[in-house]
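Below is one structure, written out as structure tokens; the observations come after it.
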Amino acid sequence: ISCFIFFSTDFFLGKIILNFLYESNIVQSPQKIKLEIEKRKNNEKSYRIKNDFYHHTLKSNTIAKSVWGSFNYTTCTDKFGFRISCQKNENKKNKKKIIIIGDSFTEGIGLNYRETFVGMFNKYSEYEIINMGVTSYSPIIYWNKVKHFLNKGLEADHVIVFIDVSDIDDEANNYKKCSDSDYVCDRFVKKDKLEINHLVKEEEKFPLFKHIQITTKKLKRKIKPKIYIYRKDFERSYWTYSDSNEEIKKGINNSMKYMKNLSDYLNAKNITLSVAVYPHPGQILHDNKNSKHVQIWRDFCKQKCKYFINLFPIFFNNKDNVKKMDIIKKYFIKNDLHFNRRGNKKIFDYLIKLDFGAPGRI
């Protein structure tokens, strides 16, 4: 009887009841949710912009309110579009400059700048630290971006490249050299993703029931989310502990090619190079500290780098026999690939032990 009453009410009055709840702000309307999603997307697009030479970058002289998951933070950039502290920086007495470049880990996504390892290092170091890192970068972009700014007259004494595990996937599937230049183009023409609209449709016969279904599903996912990044077959990081295939080989070969180009270019300008590697949560769960990622870039650095900065051991060495997931919870943003403030501090503590002012390569 209760079910009959509920579905009868829903069939005849469900839409009216839902509209009342929307107008009273008791329940968020589909239109309001959609507007908020669009607003967030448009905000990101306002300062994450395309670039003709190195694919994409951050807009220059920006102060933007950024959102990453449940985190709100501020992104500030200088006249070149390099991320900087939103607080006034002191002028460094030492005129030496160090470029640090990488992807979202180096940009410091989800954190205010002074909470990132680059921001901490900039505050600590006597050298001027230039952060060229932007989300979704990879070796072809590292090479093009560094070359572009040095050719334009930017001075630097040392370059540190933070190679991400996901760079292999980007090099295999996302980026390529443009057909008419050395600039960076999309490997494939990107199609607009079909938006899966879980919101209540006007023609829904039982709108209240549908709304309850959607709300229950969202609540369930909030309590017990599907965390794809921890799966062994997660496409962005599985390659380090899997058998090699053509896609992996292509990603590695392209990465090595563009990093060699960068090394040769810097060597000709008498600028030293260092390469840093670090794990994703997937490496901590399914790999070991002597990962394929470590081996590849250690071998690369034997003749080409001032330092090979191996950050795997500091996240693997475990004196107290702490569980793997506890390490991830301690150093990474919850249910996310990226380091939290504590993880960034751990990287910073390692960096300050190295003397980047010393001349020459290994």
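Chains: A, B, ... in order of the structure tokens. Residues: from 1 per chain. Ligands: from 1, in order shown.
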**Report entry** For Asn131 (chain A): contacts at 6 Å, only C-alpha atoms, fewer than 3 positions along chain excluded, given as a VMD selection string
**Finding:** chain A and resid 82 to 83 100
Can those selected residues be exported to a file as a PDB file, in the first residue's frame so that it contains N, CA and C atoms?
ATOM      1  N   PHE A  82      54.547  31.433 -15.279  1.00  0.00           N
ATOM      2  CA  PHE A  82      55.119  30.468 -14.348  1.00  0.00           C
ATOM      3  C   PHE A  82      54.435  30.633 -12.996  1.00  0.00           C
ATOM      4  N   ARG A  83      54.108  29.516 -12.358  1.00  0.00           N
ATOM      5  CA  ARG A  83      53.443  29.609 -11.069  1.00  0.00           C
ATOM      6  C   ARG A  83      54.390  30.171 -10.017  1.00  0.00           C
ATOM      7  N   ILE A 100      62.729  24.463 -12.628  1.00  0.00           N
ATOM      8  CA  ILE A 100      62.147  23.173 -12.269  1.00  0.00           C
ATOM      9  C   ILE A 100      60.919  22.975 -13.149  1.00  0.00           C
TER      10      ILE A 100
END
Requested in this report: Please provide the set of residues having any atom within 10 Å of Val161 (chain A), restricted to only C-alpha atoms, with same-chain residues fewer than 2 positions apart removed, written as number ranges by chain.
Outcome: A: 99-103, 106, 132-133, 138-139, 142-143, 159, 163-164, 259, 273-277, 308-309
Report task. Determine, counting only C-alpha atoms, which protein, DNA and RNA residues have an atom within 12 Å of an atom of Ser242 (chain A); residues of the same chain fewer than 5 positions away are not included. Present the result as a count of residues only. Result -> 15
Which residues, written as a short mmCIF file (atom, residue, chain, number, x, y, z; two decimals) with N, CA and C atoms, in the first residue's frame, have at least one atom at most 12 Å from region 327-338 of chain A, with only C-alpha atoms counted and residues fewer than 5 positions away on the same chain left out?
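Output saved as part_26.cif:
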data_model
loop_
_atom_site.label_atom_id
_atom_site.label_comp_id
_atom_site.auth_asym_id
_atom_site.auth_seq_id
_atom_site.Cartn_x
_atom_site.Cartn_y
_atom_site.Cartn_z
N TRP A 68 40.46 21.69 -6.76
CA TRP A 68 40.89 20.34 -7.08
C TRP A 68 40.21 19.39 -6.09
N GLY A 69 39.21 18.66 -6.59
CA GLY A 69 38.44 17.80 -5.69
C GLY A 69 37.72 18.66 -4.66
N SER A 70 38.01 18.40 -3.39
CA SER A 70 37.38 19.17 -2.31
C SER A 70 38.27 20.32 -1.85
N PHE A 71 39.40 20.54 -2.54
CA PHE A 71 40.36 21.55 -2.11
C PHE A 71 40.20 22.84 -2.92
N ASP A 103 55.01 17.93 -14.36
CA ASP A 103 53.57 18.03 -14.65
C ASP A 103 52.82 18.54 -13.43
N SER A 104 51.63 18.02 -13.16
CA SER A 104 50.78 18.53 -12.08
C SER A 104 51.43 18.39 -10.70
N PHE A 105 52.29 17.37 -10.51
CA PHE A 105 53.00 17.21 -9.24
C PHE A 105 53.91 18.41 -9.00
N THR A 106 54.56 18.88 -10.05
CA THR A 106 55.48 20.01 -9.94
C THR A 106 54.73 21.34 -9.88
N GLU A 107 53.66 21.44 -10.65
CA GLU A 107 52.82 22.64 -10.55
C GLU A 107 52.31 22.79 -9.12
N GLY A 108 52.01 21.67 -8.48
CA GLY A 108 51.52 21.69 -7.10
C GLY A 108 50.01 21.77 -7.04
N ILE A 109 49.35 20.97 -7.86
CA ILE A 109 47.90 21.03 -7.97
C ILE A 109 47.25 20.65 -6.64
N GLY A 110 46.22 21.39 -6.25
CA GLY A 110 45.50 21.13 -5.01
C GLY A 110 46.05 21.84 -3.80
N LEU A 111 47.20 22.52 -3.95
CA LEU A 111 47.85 23.16 -2.81
C LEU A 111 48.22 24.60 -3.13
N THR A 116 53.81 23.58 -1.61
CA THR A 116 54.39 22.67 -2.58
C THR A 116 55.90 22.59 -2.39
N THR A 135 50.18 20.98 -15.26
CA THR A 135 49.54 19.68 -15.33
C THR A 135 49.56 19.10 -16.75
N ASP A 164 57.40 12.24 -14.48
CA ASP A 164 56.29 11.54 -13.85
C ASP A 164 56.10 10.15 -14.48
N VAL A 165 55.58 9.22 -13.70
CA VAL A 165 55.28 7.88 -14.20
C VAL A 165 54.33 7.96 -15.39
N SER A 166 53.39 8.89 -15.35
CA SER A 166 52.37 9.01 -16.41
C SER A 166 52.92 9.62 -17.69
N LYS A 222 30.27 8.23 -2.17
CA LYS A 222 30.99 9.10 -1.24
C LYS A 222 31.52 8.30 -0.05
N LYS A 224 31.95 4.91 -0.05
CA LYS A 224 32.88 3.91 -0.56
C LYS A 224 33.16 4.20 -2.04
N PRO A 225 34.06 5.16 -2.31
CA PRO A 225 34.32 5.55 -3.70
C PRO A 225 35.07 4.47 -4.48
N LYS A 226 34.89 4.46 -5.80
CA LYS A 226 35.68 3.59 -6.67
C LYS A 226 37.00 4.30 -6.95
N ILE A 227 38.09 3.78 -6.40
CA ILE A 227 39.38 4.45 -6.52
C ILE A 227 40.21 3.72 -7.57
N TYR A 228 40.09 4.17 -8.81
CA TYR A 228 40.76 3.50 -9.92
C TYR A 228 42.27 3.60 -9.84
N ILE A 229 42.78 4.67 -9.22
CA ILE A 229 44.24 4.88 -9.20
C ILE A 229 44.97 3.81 -8.40
N TYR A 230 44.26 3.08 -7.52
CA TYR A 230 44.91 2.05 -6.71
C TYR A 230 44.89 0.68 -7.40
N ARG A 231 44.17 0.58 -8.51
CA ARG A 231 44.08 -0.70 -9.20
C ARG A 231 45.40 -1.04 -9.89
N PHE A 234 45.73 0.27 -13.54
CA PHE A 234 45.49 1.69 -13.79
C PHE A 234 46.40 2.16 -14.93
N ARG A 236 47.57 4.82 -16.23
CA ARG A 236 48.58 5.88 -16.17
C ARG A 236 49.88 5.43 -15.49
N SER A 237 49.84 4.29 -14.77
CA SER A 237 51.04 3.91 -14.03
C SER A 237 51.37 2.42 -14.05
N TYR A 278 59.77 9.90 -8.90
CA TYR A 278 59.00 9.70 -7.67
C TYR A 278 57.86 8.73 -7.97
N PRO A 279 57.31 8.07 -6.97
CA PRO A 279 56.26 7.07 -7.22
C PRO A 279 54.85 7.65 -7.22
N HIS A 280 53.95 6.96 -7.92
CA HIS A 280 52.52 7.12 -7.74
C HIS A 280 52.08 6.17 -6.63
N PRO A 281 50.87 6.29 -6.12
CA PRO A 281 50.37 5.28 -5.18
C PRO A 281 50.45 3.86 -5.76
N GLY A 282 50.22 3.72 -7.08
CA GLY A 282 50.28 2.40 -7.70
C GLY A 282 51.64 1.75 -7.58
N GLN A 283 52.72 2.56 -7.63
CA GLN A 283 54.06 1.99 -7.47
C GLN A 283 54.28 1.50 -6.04
N ILE A 284 53.76 2.23 -5.08
CA ILE A 284 53.91 1.81 -3.68
C ILE A 284 53.14 0.52 -3.42
N LEU A 285 51.97 0.39 -4.06
CA LEU A 285 51.14 -0.80 -3.85
C LEU A 285 51.63 -2.02 -4.62
N ILE A 314 62.63 7.19 -0.39
CA ILE A 314 62.11 7.92 0.77
C ILE A 314 60.64 7.61 1.03
N PHE A 315 59.96 7.04 0.02
CA PHE A 315 58.58 6.63 0.22
C PHE A 315 58.45 5.10 0.39
N PHE A 316 59.55 4.38 0.14
CA PHE A 316 59.53 2.93 0.30
C PHE A 316 60.23 2.46 1.57
N ASN A 317 61.33 3.13 1.93
CA ASN A 317 62.05 2.73 3.13
C ASN A 317 61.16 2.88 4.34
N ASN A 318 60.95 1.80 5.03
CA ASN A 318 59.90 1.77 6.04
C ASN A 318 60.42 1.09 7.30
N LYS A 319 61.04 1.88 8.17
CA LYS A 319 61.67 1.33 9.37
C LYS A 319 60.64 0.75 10.34
N ASP A 320 59.45 1.34 10.37
CA ASP A 320 58.43 0.91 11.33
C ASP A 320 57.48 -0.12 10.75
N ASN A 321 57.80 -0.63 9.54
CA ASN A 321 56.95 -1.63 8.90
C ASN A 321 55.50 -1.17 8.77
N VAL A 322 55.33 0.08 8.37
CA VAL A 322 53.99 0.65 8.19
C VAL A 322 53.36 0.04 6.94
N GLY A 343 53.73 15.10 1.89
CA GLY A 343 54.53 14.48 0.83
C GLY A 343 55.44 15.48 0.16
N ASN A 344 54.93 16.69 -0.09
CA ASN A 344 55.75 17.75 -0.67
C ASN A 344 56.89 18.15 0.27
N LYS A 345 56.62 18.18 1.56
CA LYS A 345 57.67 18.51 2.54
C LYS A 345 58.77 17.45 2.52
N LYS A 346 58.39 16.20 2.33
CA LYS A 346 59.37 15.11 2.29
C LYS A 346 60.30 15.27 1.08
N ILE A 347 59.74 15.67 -0.06
CA ILE A 347 60.56 15.92 -1.25
C ILE A 347 61.47 17.12 -1.03
#
Requested in this report: Mind checking which residues fall within 8 Å of region 41-51 of chain A, counting only C-alpha atoms, ignoring those fewer than 5 positions away in the same chain, and posting them as a PyMOL selection string?
Outcome: chain A and resi 56-59+62+64+66
Query - For Ile168 (chain A): contacts at 7 Å, only C-alpha atoms, fewer than 4 positions along chain excluded, given as a list in words - result: Ala172, Ile248, Gly251, Ile252 and Ser255 of chain A
Selection export as a PDB file, in the first residue's frame, atoms kept: all heavy atoms:
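The resulting file, result-v1.pdb, is shown below:
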ATOM      1  N   ALA A 172      53.104   8.244 -25.461  1.00  0.00           N
ATOM      2  CA  ALA A 172      52.594   7.217 -26.377  1.00  0.00           C
ATOM      3  C   ALA A 172      51.263   7.608 -26.998  1.00  0.00           C
ATOM      4  O   ALA A 172      50.998   7.303 -28.167  1.00  0.00           O
ATOM      5  CB  ALA A 172      52.455   5.885 -25.639  1.00  0.00           C
ATOM      6  N   ILE A 248      53.930   0.785 -24.516  1.00  0.00           N
ATOM      7  CA  ILE A 248      54.919   1.139 -23.500  1.00  0.00           C
ATOM      8  C   ILE A 248      56.259   1.465 -24.143  1.00  0.00           C
ATOM      9  O   ILE A 248      56.914   2.460 -23.807  1.00  0.00           O
ATOM     10  CB  ILE A 248      55.066  -0.003 -22.469  1.00  0.00           C
ATOM     11  CG1 ILE A 248      53.777  -0.153 -21.646  1.00  0.00           C
ATOM     12  CG2 ILE A 248      56.258   0.257 -21.548  1.00  0.00           C
ATOM     13  CD1 ILE A 248      53.749  -1.373 -20.742  1.00  0.00           C
ATOM     14  N   GLY A 251      56.141   4.876 -25.738  1.00  0.00           N
ATOM     15  CA  GLY A 251      56.180   5.930 -24.735  1.00  0.00           C
ATOM     16  C   GLY A 251      57.570   6.126 -24.161  1.00  0.00           C
ATOM     17  O   GLY A 251      58.029   7.264 -23.981  1.00  0.00           O
ATOM     18  N   ILE A 252      58.269   5.028 -23.882  1.00  0.00           N
ATOM     19  CA  ILE A 252      59.633   5.104 -23.341  1.00  0.00           C
ATOM     20  C   ILE A 252      60.585   5.698 -24.376  1.00  0.00           C
ATOM     21  O   ILE A 252      61.377   6.598 -24.071  1.00  0.00           O
ATOM     22  CB  ILE A 252      60.121   3.718 -22.886  1.00  0.00           C
ATOM     23  CG1 ILE A 252      59.316   3.244 -21.667  1.00  0.00           C
ATOM     24  CG2 ILE A 252      61.612   3.749 -22.539  1.00  0.00           C
ATOM     25  CD1 ILE A 252      59.582   1.806 -21.262  1.00  0.00           C
ATOM     26  N   SER A 255      59.982   9.395 -24.843  1.00  0.00           N
ATOM     27  CA  SER A 255      60.447  10.117 -23.650  1.00  0.00           C
ATOM     28  C   SER A 255      61.959  10.258 -23.660  1.00  0.00           C
ATOM     29  O   SER A 255      62.502  11.349 -23.404  1.00  0.00           O
ATOM     30  CB  SER A 255      60.000   9.382 -22.376  1.00  0.00           C
ATOM     31  OG  SER A 255      58.598   9.370 -22.260  1.00  0.00           O
TER      32      SER A 255
END
Requested in this report: Please provide the set of residues having any atom within 12 Å of Ser125 (chain A), restricted to only C-alpha atoms, with same-chain residues fewer than 3 positions apart removed, written as a ChimeraX atom specification.
Outcome: /A:90-98,117-122,128-130,348-349,351-357
N, CA and C atoms of the current selection, written as a short mmCIF file (atom, residue, chain, number, x, y, z; two decimals), in the first residue's frame:
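Dumped to result06.cif:
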data_model
loop_
_atom_site.label_atom_id
_atom_site.label_comp_id
_atom_site.auth_asym_id
_atom_site.auth_seq_id
_atom_site.Cartn_x
_atom_site.Cartn_y
_atom_site.Cartn_z
N GLU A 90 60.73 37.89 -1.77
CA GLU A 90 61.92 38.70 -1.54
C GLU A 90 62.88 38.53 -2.72
N ASN A 91 63.58 39.62 -3.06
CA ASN A 91 64.59 39.53 -4.12
C ASN A 91 65.77 38.72 -3.62
N LYS A 92 66.19 37.75 -4.44
CA LYS A 92 67.32 36.90 -4.07
C LYS A 92 68.64 37.62 -4.38
N LYS A 93 69.56 37.56 -3.42
CA LYS A 93 70.87 38.20 -3.64
C LYS A 93 71.68 37.43 -4.67
N ASN A 94 71.57 36.08 -4.61
CA ASN A 94 72.28 35.26 -5.58
C ASN A 94 71.52 35.30 -6.91
N LYS A 95 72.22 35.60 -7.99
CA LYS A 95 71.57 35.76 -9.29
C LYS A 95 71.41 34.44 -10.05
N LYS A 96 71.90 33.34 -9.47
CA LYS A 96 71.77 32.06 -10.16
C LYS A 96 70.30 31.63 -10.18
N LYS A 97 69.92 30.98 -11.30
CA LYS A 97 68.53 30.57 -11.48
C LYS A 97 68.44 29.08 -11.76
N ILE A 98 67.46 28.45 -11.13
CA ILE A 98 67.20 27.03 -11.35
C ILE A 98 65.79 26.89 -11.91
N PHE A 117 56.51 21.50 -2.88
CA PHE A 117 57.96 21.36 -2.69
C PHE A 117 58.73 22.44 -3.44
N VAL A 118 58.20 22.90 -4.61
CA VAL A 118 58.88 23.96 -5.34
C VAL A 118 58.77 25.28 -4.57
N GLY A 119 57.59 25.55 -4.04
CA GLY A 119 57.39 26.76 -3.25
C GLY A 119 58.25 26.78 -2.00
N MET A 120 58.33 25.63 -1.32
CA MET A 120 59.19 25.53 -0.12
C MET A 120 60.65 25.73 -0.49
N PHE A 121 61.06 25.12 -1.61
CA PHE A 121 62.45 25.21 -2.04
C PHE A 121 62.79 26.63 -2.47
N ASN A 122 61.86 27.31 -3.10
CA ASN A 122 62.08 28.69 -3.51
C ASN A 122 62.28 29.60 -2.29
N GLU A 128 67.24 31.77 -7.37
CA GLU A 128 65.89 32.05 -7.86
C GLU A 128 65.35 30.78 -8.51
N ILE A 129 64.19 30.32 -8.04
CA ILE A 129 63.59 29.09 -8.54
C ILE A 129 62.47 29.45 -9.51
N ILE A 130 62.55 28.91 -10.72
CA ILE A 130 61.55 29.15 -11.75
C ILE A 130 60.74 27.88 -11.94
N PHE A 348 60.92 18.17 -0.46
CA PHE A 348 61.71 19.37 -0.16
C PHE A 348 62.90 19.03 0.74
N ASP A 349 62.66 18.23 1.78
CA ASP A 349 63.73 17.86 2.71
C ASP A 349 64.87 17.13 2.00
N LEU A 351 65.59 17.61 -1.37
CA LEU A 351 66.21 18.55 -2.30
C LEU A 351 67.25 19.44 -1.64
N ILE A 352 66.99 19.84 -0.41
CA ILE A 352 67.90 20.81 0.22
C ILE A 352 69.25 20.18 0.59
N LYS A 353 69.35 18.87 0.47
CA LYS A 353 70.63 18.20 0.73
C LYS A 353 71.59 18.29 -0.46
N LEU A 354 71.07 18.69 -1.63
CA LEU A 354 71.85 18.70 -2.86
C LEU A 354 72.36 20.09 -3.16
N ASP A 355 73.59 20.17 -3.66
CA ASP A 355 74.20 21.45 -4.00
C ASP A 355 74.04 21.69 -5.50
N PHE A 356 73.00 22.42 -5.87
CA PHE A 356 72.76 22.69 -7.28
C PHE A 356 73.64 23.79 -7.84
N GLY A 357 74.42 24.40 -6.98
CA GLY A 357 75.30 25.46 -7.46
C GLY A 357 76.63 24.95 -7.98
#
Select from region 118-200 of chain A every residue with an atom at most 12 Å from any atom of region 262-270 of chain A, then for each give the shortest pair of atoms and their distance in Å to one decimal, using only C-alpha atoms, rows by chain and rising number, as CSV.
residue,atom,partner,partner_atom,distance
A:Pro139,CA,A:Leu262,CA,8.6
A:Ile140,CA,A:Leu262,CA,8.9
A:Ile141,CA,A:Leu262,CA,10.1
A:Tyr142,CA,A:Leu262,CA,7.7
A:Trp143,CA,A:Leu262,CA,5.0
A:Asn144,CA,A:Leu262,CA,8.2
A:Lys145,CA,A:Leu262,CA,10.0
A:Val146,CA,A:Leu262,CA,8.1
A:Lys147,CA,A:Tyr265,CA,7.6
A:His148,CA,A:Tyr265,CA,11.3
A:Leu150,CA,A:Lys269,CA,9.4
A:Asn151,CA,A:Lys269,CA,10.4
A:Gly153,CA,A:Lys269,CA,12.0
A:Glu155,CA,A:Lys269,CA,10.2
A:Ala156,CA,A:Lys269,CA,9.6
A:Asp157,CA,A:Asn270,CA,8.0
A:His158,CA,A:Leu266,CA,8.7
A:Val159,CA,A:Leu266,CA,8.4
A:Ile160,CA,A:Ser263,CA,10.9
A:Val161,CA,A:Leu262,CA,10.0
Write a file of the just-selected residues containing C-alpha atoms, as an mmCIF file, in the first residue's frame.
data_model
loop_
_atom_site.group_PDB
_atom_site.id
_atom_site.type_symbol
_atom_site.label_atom_id
_atom_site.label_comp_id
_atom_site.auth_asym_id
_atom_site.auth_seq_id
_atom_site.Cartn_x
_atom_site.Cartn_y
_atom_site.Cartn_z
ATOM 1 C CA PRO A 139 59.220 15.185 -22.119
ATOM 2 C CA ILE A 140 58.277 16.644 -25.525
ATOM 3 C CA ILE A 141 56.817 19.659 -23.693
ATOM 4 C CA TYR A 142 59.722 19.882 -21.222
ATOM 5 C CA TRP A 143 62.109 20.153 -24.166
ATOM 6 C CA ASN A 144 59.997 22.649 -26.142
ATOM 7 C CA LYS A 145 59.126 24.888 -23.215
ATOM 8 C CA VAL A 146 62.627 25.148 -21.753
ATOM 9 C CA LYS A 147 64.104 25.706 -25.228
ATOM 10 C CA HIS A 148 61.465 28.337 -26.053
ATOM 11 C CA LEU A 150 65.976 30.126 -23.124
ATOM 12 C CA ASN A 151 65.934 31.093 -26.805
ATOM 13 C CA GLY A 153 66.619 35.263 -23.443
ATOM 14 C CA GLU A 155 68.786 32.860 -18.175
ATOM 15 C CA ALA A 156 69.284 29.689 -16.132
ATOM 16 C CA ASP A 157 72.182 27.829 -14.553
ATOM 17 C CA HIS A 158 70.493 24.514 -13.895
ATOM 18 C CA VAL A 159 67.358 22.615 -14.970
ATOM 19 C CA ILE A 160 65.643 19.935 -12.864
ATOM 20 C CA VAL A 161 63.094 17.758 -14.670
#
Requested in this report: Give the strand (DSSP E or B) residues of region 95-129 of chain A, as assigned by DSSP on the backbone, as a list in words.
Outcome: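 After running DSSP on the backbone, region 95-129 of chain A has strand (DSSP E or B) at Lys97, Ile98, Ile99, Ile100, Ile101, Glu128 and Ile129 of chain A.
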Requested in this report: Could you tell me, as a ChimeraX atom specification, which residues of region 114-234 of chain A DSSP assigns to helix (DSSP H, G or I) when given the backbone?
Outcome: /A:114-115,117-124,139-151,167-173,207-223,228-230
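With only C-alpha atoms as the atoms that count, the residue of A:Lys304, A:Lys39, A:Arg114, A:Lys177 with the shortest distance to Asn254 (chain A) is A:Lys177.
Distance annotation: of A:Met256, A:Ile212, A:Lys176, A:Asp169, the residue with the minimal separation from Thr240 (chain A) is A:Asp169; atom set is only C-alpha atoms.
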Query raised in the report: Using only C-alpha atoms, which of A:Lys323, A:Tyr175, A:Gln213, A:Phe312 sits nearest Lys250 (chain A)?
Result: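 Once distances to Lys250 (chain A) are computed over only C-alpha atoms, the minimum belongs to A:Tyr175.
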Requested in this report: In Å, rounded to a single decimal, give me how far CA of Asp170 (chain A) is from CA of Phe80 (chain A).
Outcome: 24.3 Å
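Reported to one decimal place, the separation of CA of Lys306 (chain A) from CA of Ser244 (chain A) is 29.2 Å.
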Report task. Tell me, in Å to one decimal, how far CA of Asn310 (chain A) is from CA of Asn253 (chain A). Result -> 20.6 Å
